[in-house]
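Reproduced below: coords-v2.txt, with compact mmCIF, C-alpha atoms and all ligand atoms.
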# COMPACT_ATOMS: atom_id res chain seq x y z
CA MET A 1197 0.00 0.00 0.00
CA ASP A 1198 1.34 3.42 -0.95
CA MET A 1199 1.90 5.99 1.80
CA ASP A 1200 -0.59 8.85 1.80
CA TYR A 1201 1.01 12.16 2.75
CA GLY A 1202 -1.69 14.33 1.20
CA LYS A 1203 -0.42 17.24 -0.85
CA THR A 1204 2.96 18.67 0.22
CA LYS A 1205 4.39 22.03 -0.77
CA VAL A 1206 7.81 23.11 -2.04
CA SER A 1207 8.70 26.70 -2.91
CA VAL A 1208 11.25 27.73 -5.51
CA ALA A 1209 12.53 31.34 -5.54
CA LYS A 1210 14.94 33.04 -7.92
CA VAL A 1211 17.78 35.23 -6.64
CA GLU A 1212 17.18 38.68 -8.11
CA GLY A 1213 19.96 41.27 -8.26
CA GLY A 1214 22.29 39.12 -6.18
CA ASP A 1215 20.11 39.48 -3.07
CA VAL A 1216 20.43 36.03 -1.49
CA TYR A 1217 18.71 37.06 1.75
CA ALA A 1218 15.61 38.21 -0.16
CA ALA A 1219 15.44 34.92 -2.10
CA VAL A 1220 15.75 32.83 1.07
CA LYS A 1221 13.06 34.96 2.75
CA LYS A 1222 10.79 34.68 -0.28
CA ALA A 1223 11.19 30.88 -0.42
CA VAL A 1224 10.35 30.57 3.28
CA ASP A 1225 7.47 33.09 3.07
CA LEU A 1226 5.92 31.06 0.24
CA ILE A 1227 5.49 28.12 2.62
CA GLY A 1228 4.21 30.13 5.58
CA GLY A 1229 7.16 32.21 6.79
CA MET A 1230 9.83 31.46 9.39
CA GLY A 1231 7.27 32.09 12.17
CA ARG A 1232 5.57 28.86 11.14
CA PHE A 1233 8.71 26.92 12.09
CA VAL A 1234 10.48 28.98 14.77
CA LYS A 1235 8.63 30.30 17.84
CA LYS A 1236 9.91 32.83 20.35
CA GLY A 1237 12.52 31.24 22.61
CA ASP A 1238 13.11 28.17 20.42
CA ARG A 1239 16.58 26.65 20.26
CA VAL A 1240 17.43 26.21 16.59
CA THR A 1241 20.11 24.05 14.95
CA LEU A 1242 21.16 24.69 11.35
CA LYS A 1243 22.74 21.82 9.42
CA PRO A 1244 24.46 23.15 6.29
CA ASN A 1245 26.62 20.89 4.13
CA LEU A 1246 30.14 21.55 5.41
CA ALA A 1247 31.65 18.32 4.13
CA TYR A 1248 34.83 19.85 2.72
CA PRO A 1249 37.13 22.84 3.17
CA TYR A 1250 35.99 24.11 -0.22
CA ALA A 1251 33.81 26.95 -1.39
CA PRO A 1252 30.39 26.31 -2.96
CA PRO A 1253 29.15 24.31 -4.75
CA ALA A 1254 31.05 21.65 -2.77
CA THR A 1255 29.51 23.11 0.40
CA THR A 1256 26.56 25.27 1.38
CA ASP A 1257 26.99 28.92 0.42
CA PRO A 1258 27.58 30.96 3.62
CA ARG A 1259 25.21 33.66 2.36
CA VAL A 1260 22.36 31.14 2.50
CA THR A 1261 23.28 29.96 6.01
CA LYS A 1262 23.57 33.58 7.10
CA ALA A 1263 20.12 34.44 5.75
CA VAL A 1264 18.57 31.42 7.49
CA ALA A 1265 20.28 32.31 10.79
CA GLN A 1266 19.03 35.91 10.54
CA LEU A 1267 15.46 34.78 9.78
CA ALA A 1268 15.51 32.34 12.71
CA LEU A 1269 16.82 35.00 15.09
CA ASP A 1270 14.27 37.54 13.82
CA ALA A 1271 11.54 34.98 14.47
CA GLY A 1272 12.62 34.89 18.12
CA ALA A 1273 15.07 31.98 18.34
CA SER A 1274 16.84 32.04 21.70
CA ARG A 1275 19.95 30.57 20.12
CA VAL A 1276 21.05 29.39 16.71
CA LEU A 1277 23.71 26.69 16.33
CA ILE A 1278 25.45 25.91 13.02
CA GLY A 1279 26.91 22.42 13.02
CA ASP A 1280 28.37 19.57 10.98
CA SER A 1281 30.91 16.77 11.11
CA PRO A 1282 32.92 17.31 7.92
CA ALA A 1283 33.43 14.22 5.75
CA TYR A 1284 36.97 15.12 4.91
CA SER A 1285 38.50 15.24 8.37
CA CYS A 1286 40.00 11.76 8.23
CA LYS A 1287 42.36 12.69 11.05
CA LYS A 1288 39.83 11.20 13.44
CA ILE A 1289 39.98 7.81 11.75
CA LEU A 1290 43.52 7.29 10.58
CA GLY A 1291 45.34 10.38 11.71
CA VAL A 1292 45.66 11.50 8.10
CA GLY A 1293 43.96 14.02 5.87
CA ARG A 1294 44.62 17.49 4.67
CA TRP A 1295 42.38 19.52 6.89
CA THR A 1296 40.96 20.00 10.35
CA ASN A 1297 37.32 20.79 11.04
CA GLN A 1298 38.37 24.35 11.90
CA ASP A 1299 39.83 24.67 8.37
CA VAL A 1300 36.45 23.62 7.00
CA ILE A 1301 34.57 26.15 9.12
CA ASP A 1302 36.97 28.95 8.15
CA LYS A 1303 37.36 28.13 4.45
CA THR A 1304 33.62 27.72 3.83
CA GLY A 1305 33.00 31.18 5.28
CA HIS A 1306 30.93 29.86 8.19
CA ALA A 1307 33.17 31.27 10.93
CA LYS A 1308 32.28 34.68 9.47
CA VAL A 1309 28.56 33.81 9.40
CA ALA A 1310 28.69 33.12 13.14
CA GLU A 1311 30.60 36.34 13.76
CA GLU A 1312 28.13 38.44 11.77
CA THR A 1313 24.88 36.91 13.06
CA GLY A 1314 25.61 35.90 16.65
CA ALA A 1315 24.95 32.23 15.80
CA GLN A 1316 27.33 29.70 17.34
CA ILE A 1317 29.41 27.15 15.46
CA VAL A 1318 29.27 23.61 16.81
CA ASP A 1319 31.94 21.21 15.62
CA PHE A 1320 30.03 17.95 16.05
CA ASP A 1321 33.29 15.98 16.34
CA GLU A 1322 34.32 18.02 19.36
CA GLY A 1323 30.91 17.67 21.00
CA GLU A 1324 28.97 14.68 22.24
CA PHE A 1325 27.37 11.96 20.11
CA VAL A 1326 24.36 10.37 21.81
CA MET A 1327 23.76 6.66 21.10
CA THR A 1328 20.12 6.73 20.00
CA ASP A 1329 17.74 3.81 19.43
CA ILE A 1330 16.17 3.58 15.97
CA PRO A 1331 13.43 1.00 16.64
CA ASP A 1332 12.27 0.77 13.02
CA GLY A 1333 15.74 1.16 11.51
CA VAL A 1334 16.62 -1.30 8.75
CA ILE A 1335 20.42 -0.91 8.69
CA LEU A 1336 20.79 1.16 11.84
CA GLN A 1337 19.00 -0.05 14.97
CA GLU A 1338 20.94 2.55 16.92
CA ALA A 1339 23.35 5.32 15.99
CA PRO A 1340 25.54 7.90 17.70
CA ILE A 1341 23.93 11.19 16.71
CA ALA A 1342 25.39 14.66 17.28
CA LYS A 1343 23.81 16.02 20.45
CA ALA A 1344 23.18 19.43 18.88
CA MET A 1345 20.77 17.75 16.42
CA LEU A 1346 18.78 16.13 19.24
CA ASP A 1347 19.00 18.71 21.99
CA THR A 1348 17.12 21.41 20.08
CA ASP A 1349 13.57 22.55 19.32
CA VAL A 1350 13.95 23.14 15.59
CA VAL A 1351 16.25 21.61 12.98
CA ILE A 1352 16.77 23.49 9.73
CA ASN A 1353 18.54 21.43 7.08
CA ILE A 1354 20.47 23.49 4.48
CA PRO A 1355 21.83 21.17 1.78
CA ALA A 1356 23.71 22.10 -1.37
CA LEU A 1357 22.47 21.03 -4.83
CA LYS A 1358 24.81 18.32 -6.09
CA MET A 1359 25.24 15.15 -8.05
CA HIS A 1360 27.03 12.36 -6.15
CA PHE A 1361 28.90 9.48 -7.75
CA GLU A 1362 27.72 6.99 -5.11
CA THR A 1363 24.20 8.16 -4.27
CA PHE A 1364 23.40 9.88 -7.59
CA VAL A 1365 22.30 13.09 -5.84
CA THR A 1366 23.16 14.59 -2.47
CA LEU A 1367 20.45 16.85 -1.06
CA GLY A 1368 18.48 17.17 2.19
CA LEU A 1369 18.28 13.46 3.03
CA LYS A 1370 21.97 12.74 2.39
CA ASN A 1371 23.02 15.87 4.30
CA TYR A 1372 22.39 13.92 7.55
CA HIS A 1373 25.48 11.83 6.87
CA GLY A 1374 27.22 14.66 8.73
CA ILE A 1375 25.40 14.05 12.00
CA LEU A 1376 27.40 10.83 12.57
CA PRO A 1377 31.00 10.51 13.77
CA ASP A 1378 33.61 9.71 11.11
CA HIS A 1379 34.00 5.96 11.62
CA TYR A 1380 30.22 5.52 11.30
CA LYS A 1381 30.24 7.60 8.14
CA VAL A 1382 32.78 5.26 6.58
CA GLN A 1383 31.24 2.00 7.75
CA TRP A 1384 28.15 2.00 5.56
CA HIS A 1385 29.41 4.10 2.68
CA LYS A 1386 28.34 1.54 0.09
CA ASP A 1387 24.99 0.40 -1.18
CA GLU A 1388 23.55 0.50 2.34
CA ILE A 1389 24.15 4.24 2.52
CA MET A 1390 20.69 5.20 1.22
CA GLN A 1391 18.89 3.06 3.78
CA LYS A 1392 21.23 4.22 6.53
CA ILE A 1393 20.45 7.85 5.74
CA VAL A 1394 16.71 7.14 5.78
CA ASP A 1395 17.08 5.35 9.13
CA LEU A 1396 18.65 8.52 10.57
CA HIS A 1397 15.69 10.57 9.42
CA LYS A 1398 13.43 8.27 11.46
CA VAL A 1399 14.83 9.72 14.70
CA VAL A 1400 15.98 13.21 13.73
CA LYS A 1401 13.07 15.24 12.50
CA THR A 1402 13.78 17.98 9.96
CA HIS A 1403 11.37 20.85 10.56
CA LEU A 1404 12.42 22.89 7.56
CA THR A 1405 14.74 22.25 4.62
CA ILE A 1406 16.15 25.16 2.65
CA LEU A 1407 18.09 24.28 -0.48
CA ASP A 1408 21.12 26.29 -1.50
CA GLY A 1409 20.56 26.18 -5.23
CA LEU A 1410 22.73 29.19 -6.09
CA VAL A 1411 25.33 27.11 -7.91
CA GLY A 1412 24.84 23.37 -8.30
CA MET A 1413 27.45 20.67 -8.96
CA GLU A 1414 27.14 18.32 -11.92
CA GLY A 1415 29.26 15.32 -12.88
CA LEU A 1416 31.64 13.78 -10.36
CA GLY A 1417 30.08 15.22 -7.20
CA PRO A 1418 30.14 15.52 -4.29
CA ARG A 1419 33.64 17.04 -4.50
CA CYS A 1420 35.11 16.86 -7.99
CA GLY A 1421 32.22 17.90 -10.25
CA SER A 1422 31.64 21.12 -12.22
CA PRO A 1423 29.59 24.17 -11.23
CA VAL A 1424 26.21 24.99 -12.77
CA GLU A 1425 24.75 28.48 -12.22
CA MET A 1426 21.16 28.14 -10.98
CA ASN A 1427 20.47 31.16 -8.75
CA LEU A 1428 17.67 29.37 -6.93
CA ILE A 1429 16.54 28.76 -3.37
CA ALA A 1430 13.93 26.13 -2.54
CA ALA A 1431 12.21 25.40 0.77
CA SER A 1432 9.84 22.84 2.24
CA ALA A 1433 8.62 21.44 5.53
CA ASP A 1434 8.98 18.00 3.92
CA VAL A 1435 12.61 17.02 3.31
CA VAL A 1436 11.66 14.25 0.88
CA SER A 1437 9.51 16.57 -1.22
CA LEU A 1438 12.35 19.09 -1.22
CA ASP A 1439 14.72 16.40 -2.50
CA ALA A 1440 12.23 15.38 -5.18
CA VAL A 1441 11.89 18.93 -6.50
CA ALA A 1442 15.64 19.60 -6.27
CA THR A 1443 16.28 16.42 -8.27
CA GLU A 1444 13.88 17.59 -10.96
CA LEU A 1445 15.67 20.97 -11.01
CA MET A 1446 18.77 19.00 -12.07
CA GLY A 1447 16.81 17.44 -14.92
CA VAL A 1448 16.42 14.02 -13.27
CA ASP A 1449 13.19 12.11 -12.61
CA ALA A 1450 12.78 12.35 -8.81
CA TRP A 1451 11.47 8.80 -8.46
CA LYS A 1452 14.73 7.41 -9.93
CA VAL A 1453 16.63 8.41 -6.79
CA ASP A 1454 16.88 5.53 -4.30
CA SER A 1455 16.94 7.67 -1.14
CA THR A 1456 13.76 9.51 -2.19
CA ARG A 1457 11.89 6.26 -2.94
CA ILE A 1458 13.06 4.55 0.26
CA ALA A 1459 12.21 7.61 2.38
CA HIS A 1460 8.78 7.85 0.76
CA THR A 1461 7.92 4.20 1.32
CA GLN A 1462 9.20 4.20 4.91
CA GLY A 1463 7.14 7.16 6.12
CA ILE A 1464 9.68 10.00 6.11
CA GLY A 1465 7.87 12.18 3.58
CA ASN A 1466 6.32 12.50 0.16
CA GLY A 1467 8.60 11.85 -2.80
CA LYS A 1468 5.94 11.65 -5.48
CA MET A 1469 5.93 14.68 -7.74
CA GLU A 1470 2.22 14.28 -8.58
CA ASN A 1471 1.45 15.00 -4.90
CA ILE A 1472 3.77 18.00 -4.57
CA GLU A 1473 2.55 21.55 -5.11
CA VAL A 1474 5.42 23.68 -6.38
CA VAL A 1475 4.95 27.38 -5.61
CA GLY A 1476 7.02 30.28 -6.93
CA GLU A 1477 9.12 29.47 -9.97
CA LYS A 1478 7.96 26.66 -12.26
CA ILE A 1479 10.44 23.77 -12.47
CA ALA A 1480 10.20 23.66 -16.28
CA ASP A 1481 11.28 27.34 -16.49
CA VAL A 1482 14.37 27.09 -14.29
CA LYS A 1483 15.67 23.51 -14.43
CA LYS A 1484 18.92 22.58 -16.14
CA ASP A 1485 20.03 19.15 -17.30
CA PHE A 1486 22.99 18.30 -15.07
CA GLU A 1487 25.69 15.97 -16.35
CA HIS A 1488 25.36 12.66 -14.52
CA PRO A 1489 28.20 11.29 -12.36
CA ASP A 1490 30.63 9.18 -14.39
CA VAL A 1491 33.00 6.81 -12.62
CA SER A 1492 34.41 5.27 -15.79
CA ILE A 1493 38.14 4.74 -15.45
CA ASP A 1494 39.01 2.87 -18.64
CA GLY A 1495 40.99 5.00 -21.05
CA HIS A 1496 41.26 7.99 -18.72
CA TYR A 1497 44.67 7.08 -17.28
CA PRO A 1498 46.84 5.73 -20.11
CA MET A 1499 49.95 6.13 -17.94
CA PHE A 1500 48.78 3.23 -15.73
CA LYS A 1501 47.96 -0.39 -16.56
CA LEU A 1502 44.44 -0.68 -15.14
CA ILE A 1503 43.15 -4.11 -14.16
CA LYS A 1504 39.52 -4.18 -13.08
CA GLY A 1505 37.64 -6.89 -11.26
CA GLY A 1506 33.86 -7.01 -10.86
CA PRO A 1507 32.09 -3.69 -11.06
CA CYS A 1508 31.59 -1.59 -7.97
CA VAL A 1509 30.81 2.09 -8.36
CA HIS A 1510 32.31 2.89 -4.96
CA CYS A 1511 35.80 1.57 -5.68
CA TYR A 1512 35.80 2.80 -9.28
CA GLY A 1513 34.96 6.29 -8.03
CA ARG A 1514 37.69 6.16 -5.39
CA THR A 1515 40.15 4.93 -8.04
CA LYS A 1516 39.30 7.96 -10.14
CA ILE A 1517 39.89 10.23 -7.15
CA MET A 1518 43.16 8.47 -6.22
CA CYS A 1519 44.51 8.64 -9.81
CA ASP A 1520 43.47 12.30 -10.19
CA ASP A 1521 45.10 13.23 -6.86
CA LEU A 1522 48.23 11.26 -7.76
CA LEU A 1523 48.54 13.05 -11.12
CA ALA A 1524 47.91 16.41 -9.45
CA GLU A 1525 50.97 15.84 -7.23
CA ASN A 1526 53.27 15.80 -10.29
CA PHE A 1527 55.55 13.15 -8.82
CA ASP A 1528 58.51 12.02 -10.95
CA ASN A 1529 57.41 8.93 -12.90
CA TYR A 1530 54.03 8.93 -11.11
CA ALA A 1531 55.70 8.00 -7.80
CA ASP A 1532 56.83 4.77 -9.52
CA VAL A 1533 53.23 3.51 -9.81
CA SER A 1534 52.69 1.58 -13.06
CA THR A 1535 49.68 -0.64 -12.38
CA VAL A 1536 46.31 -0.30 -10.62
CA PHE A 1537 44.13 -3.21 -9.46
CA VAL A 1538 40.55 -2.48 -8.44
CA GLY A 1539 37.21 -4.24 -7.99
CA ILE A 1540 36.17 -7.74 -7.09
CA ASN A 1541 38.70 -10.46 -8.03
CA PRO A 1542 40.79 -8.62 -10.66
CA LYS A 1543 42.92 -10.80 -12.97
CA GLN A 1544 46.35 -11.51 -11.50
CA ILE A 1545 48.92 -10.83 -14.20
CA PRO A 1546 52.48 -12.25 -13.94
CA VAL A 1547 54.60 -10.25 -11.55
CA GLU A 1548 57.22 -9.71 -14.30
CA GLN A 1549 54.70 -7.54 -16.15
CA ILE A 1550 54.59 -5.02 -13.30
CA GLN A 1551 57.21 -2.28 -13.29
CA GLY A 1552 57.70 -0.40 -10.04
CA LYS A 1553 54.65 -0.28 -7.80
CA ALA A 1554 51.08 -1.50 -8.09
CA LEU A 1555 48.10 0.01 -6.30
CA PHE A 1556 45.47 -2.38 -4.93
CA ILE A 1557 42.43 -0.20 -4.38
CA GLY A 1558 39.75 -1.47 -1.97
CA ASP A 1559 39.47 -4.56 0.22
CA CYS A 1560 38.13 -6.70 -2.64
CA ALA A 1561 41.17 -6.09 -4.84
CA ILE A 1562 43.46 -6.63 -1.85
CA ASN A 1563 41.79 -9.81 -0.57
CA THR A 1564 41.70 -11.56 -3.93
CA THR A 1565 45.28 -10.90 -5.03
CA GLY A 1566 47.24 -12.42 -2.13
CA ASN A 1567 49.79 -14.35 -4.22
CA LEU A 1568 50.56 -11.43 -6.48
CA ARG A 1569 50.93 -9.02 -3.58
CA TYR A 1570 53.22 -11.52 -1.85
CA ALA A 1571 55.39 -11.69 -4.96
CA LEU A 1572 55.50 -7.89 -5.23
CA GLY A 1573 56.54 -7.39 -1.61
CA ASP A 1574 56.80 -3.72 -0.72
CA ARG A 1575 56.00 -2.76 -4.31
CA ALA A 1576 52.35 -3.60 -3.52
CA VAL A 1577 50.53 -0.52 -2.19
CA CYS A 1578 47.29 -1.43 -0.40
CA VAL A 1579 44.64 1.30 -0.36
CA ASP A 1580 42.40 -0.54 2.03
CA GLY A 1581 38.80 -0.07 3.10
CA CYS A 1582 35.39 -0.92 1.75
CA PRO A 1583 35.16 1.56 0.22
CA PRO A 1584 38.66 3.02 0.65
CA ILE A 1585 38.30 6.58 1.89
CA ALA A 1586 40.89 7.77 4.42
CA SER A 1587 43.46 5.28 3.07
CA VAL A 1588 43.61 7.32 -0.16
CA HIS A 1589 45.01 10.23 1.88
CA ARG A 1590 47.27 7.95 3.91
CA GLU A 1591 48.93 6.44 0.82
CA LEU A 1592 49.27 9.80 -0.91
CA ASP A 1593 50.89 11.13 2.25
CA LYS A 1594 53.39 8.24 2.20
CA MET A 1595 54.18 8.93 -1.46
CA ARG A 1596 54.75 12.59 -0.66
CA GLU A 1597 57.18 11.65 2.07
CA GLU A 1598 59.02 9.14 -0.12
CA ASN A 1599 59.29 11.76 -2.86
CA GLY A 1600 60.71 14.46 -0.63
CA LYS A 1601 57.50 16.45 -0.24
CA GLU A 1602 55.96 17.50 3.05
CA LYS A 1603 53.12 15.39 4.41
CA LEU A 1604 49.75 17.03 4.05
S1 LIG B 1 36.09 -3.11 -1.44
FE1 LIG B 1 34.77 -4.31 -2.82
S2 LIG B 1 32.66 -4.12 -2.09
FE2 LIG B 1 33.94 -2.58 -1.04
S3 LIG B 1 33.63 -0.75 -2.23
FE3 LIG B 1 35.44 -1.78 -3.08
S4 LIG B 1 34.82 -3.18 -4.73
FE4 LIG B 1 32.98 -2.47 -3.57
The structure given in the file should be rewritten as structure tokens.
Ligand code: SF4
Amino acid sequence: MDMDYGKTKVSVAKVEGGDVYAAVKKAVDLIGGMGRFVKKGDRVTLKPNLAYPYAPPATTDPRVTKAVAQLALDAGASRVLIGDSPAYSCKKILGVGRWTNQDVIDKTGHAKVAEETGAQIVDFDEGEFVMTDIPDGVILQEAPIAKAMLDTDVVINIPALKMHFETFVTLGLKNYHGILPDHYKVQWHKDEIMQKIVDLHKVVKTHLTILDGLVGMEGLGPRCGSPVEMNLIAASADVVSLDAVATELMGVDAWKVDSTRIAHTQGIGNGKMENIEVVGEKIADVKKDFEHPDVSIDGHYPMFKLIKGGPCVHCYGRTKIMCDDLLAENFDNYADVSTVFVGINPKQIPVEQIQGKALFIGDCAINTTGNLRYALGDRAVCVDGCPPIASVHRELDKMREENGKEKL
């Protein structure tokens, strides 16, 4: 039996004359105004996408967060927190990685937002995570959730508008990946990720979602894609409906996105476009067809012999990131790497055919090439993990050291 959510509403507002505050206010006014969501004295937590130490579109535009903080304070909020646990601070897991959470807060312009509005920044990783039961969770029966997301009256989710090579899109639902500590983020970063995200939404209610659609990211999101000028803000009380409309704004059928379908069928919100009233701009007038994520690796790296096992989008995507980062370092002779093994059970070529080093990317490639790795000895570089995430940084750091560069 299909879920019946009635008719839900999503607003879409254009930014006119560069006035981001006015567009955010208009989007929120179209669905009842901030007073509908924030009452006098409420404690409010804002959850922008602060996954990386990069400017938009990799992260939420600080002008959008600032406008939301101002509107919440004007509506009478007693305090406004701005929080996230950045995805790129792998220091917590393996002691490696380029940046600290403070770098992320500074480089995304959110330290300035706090300064200018009186909102407070909460680094979730420095605060408490509360182990929380998820009685109807499918993947997660319990999860450690950032206290600032639980110990609050109102949660306002402020995602960016992006394609994602593992989850196809990353919007309001996926933005809750950042309410978990790092090792939990990594643990289910495969096909279970969609269900895991939906499980989180079963215990952390989103009162209002405001989409930063100023500049979207197409292609190899969430970090390495290309910008697309949109100049839009969207808002909804229903995070699933917001995701559905945002997906359509990128030229994709909303129902094709797994997280939207799962969230719809498990009671989080309405993901069916036929039951969504879009107010403000018409989708057909403002949408753009975003380039889809492409994790193809064949033919892109002719300098390496690439040996693929069974297909897995997660390891192929990480291989692309690892090869791109390796090339960007400009090491002499590619840090002596000649061969890359990836995927499930890749063919084991004779060791004599491998010059210098070989990368084995992901636990599948590592676990099914034992004899070859044994024969290679320390010429076998294991980028471990399922999927490999922090190990990409760790191995690049080692290569930097071996090649006389400073560790990152
Ligand atoms: S290690 Fe295996 S299952 Fe895990 S992400 Fe890589 S190819 Fe997929």
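Using only C-alpha atoms, the shortest contact distance between A:Asn1466 and any of A:Val1536, A:Ile1545, A:Ile1562, A:Val1206 is found at A:Val1206.
Counting all atoms listed in the file and comparing A:Ile1330, A:Ile1540, A:Leu1522, A:Met1199, the residue that lies closest to A:Ala1561 is A:Ile1540.
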To box ligand LIG 1 (chain B), take all atoms listed in the file, fit an axis-aligned box, add 3 Å on each side, and give centre and edge lengths in Å to one decimal, as AutoDock Vina command-line options.
--center_x 34.4 --center_y -2.5 --center_z -2.9 --size_x 9.4 --size_y 9.6 --size_z 9.7
- Message: Could you list, as a VMD selection string, every residue within 12 Å of stretch 1299-1305 of chain A, counting only C-alpha atoms and ignoring same-chain residues fewer than 4 positions away?
- Response: chain A and resid 1244 to 1262 1278 to 1285 1293 to 1295 1309 to 1312 1316 to 1320
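Atom to atom, atom CA of A:Gly1421 and atom CA of A:Cys1508 stand 19.6 Å apart.
Pairwise distance (atom CA of A:Leu1502, atom CA of A:Leu1572) equals 16.5 Å.
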- Query: Hey, which of A:Ser1274, A:Ser1455, A:Ser1587, A:Thr1313 ends up closest to A:Asp1238? Count all atoms listed in the file.
  - Reply: A:Ser1274
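If all atoms listed in the file are the atoms counted, then among A:Ala1218, A:Leu1523, A:Val1424, A:Val1509 the closest residue to ligand LIG 1 (chain B) is A:Val1509.
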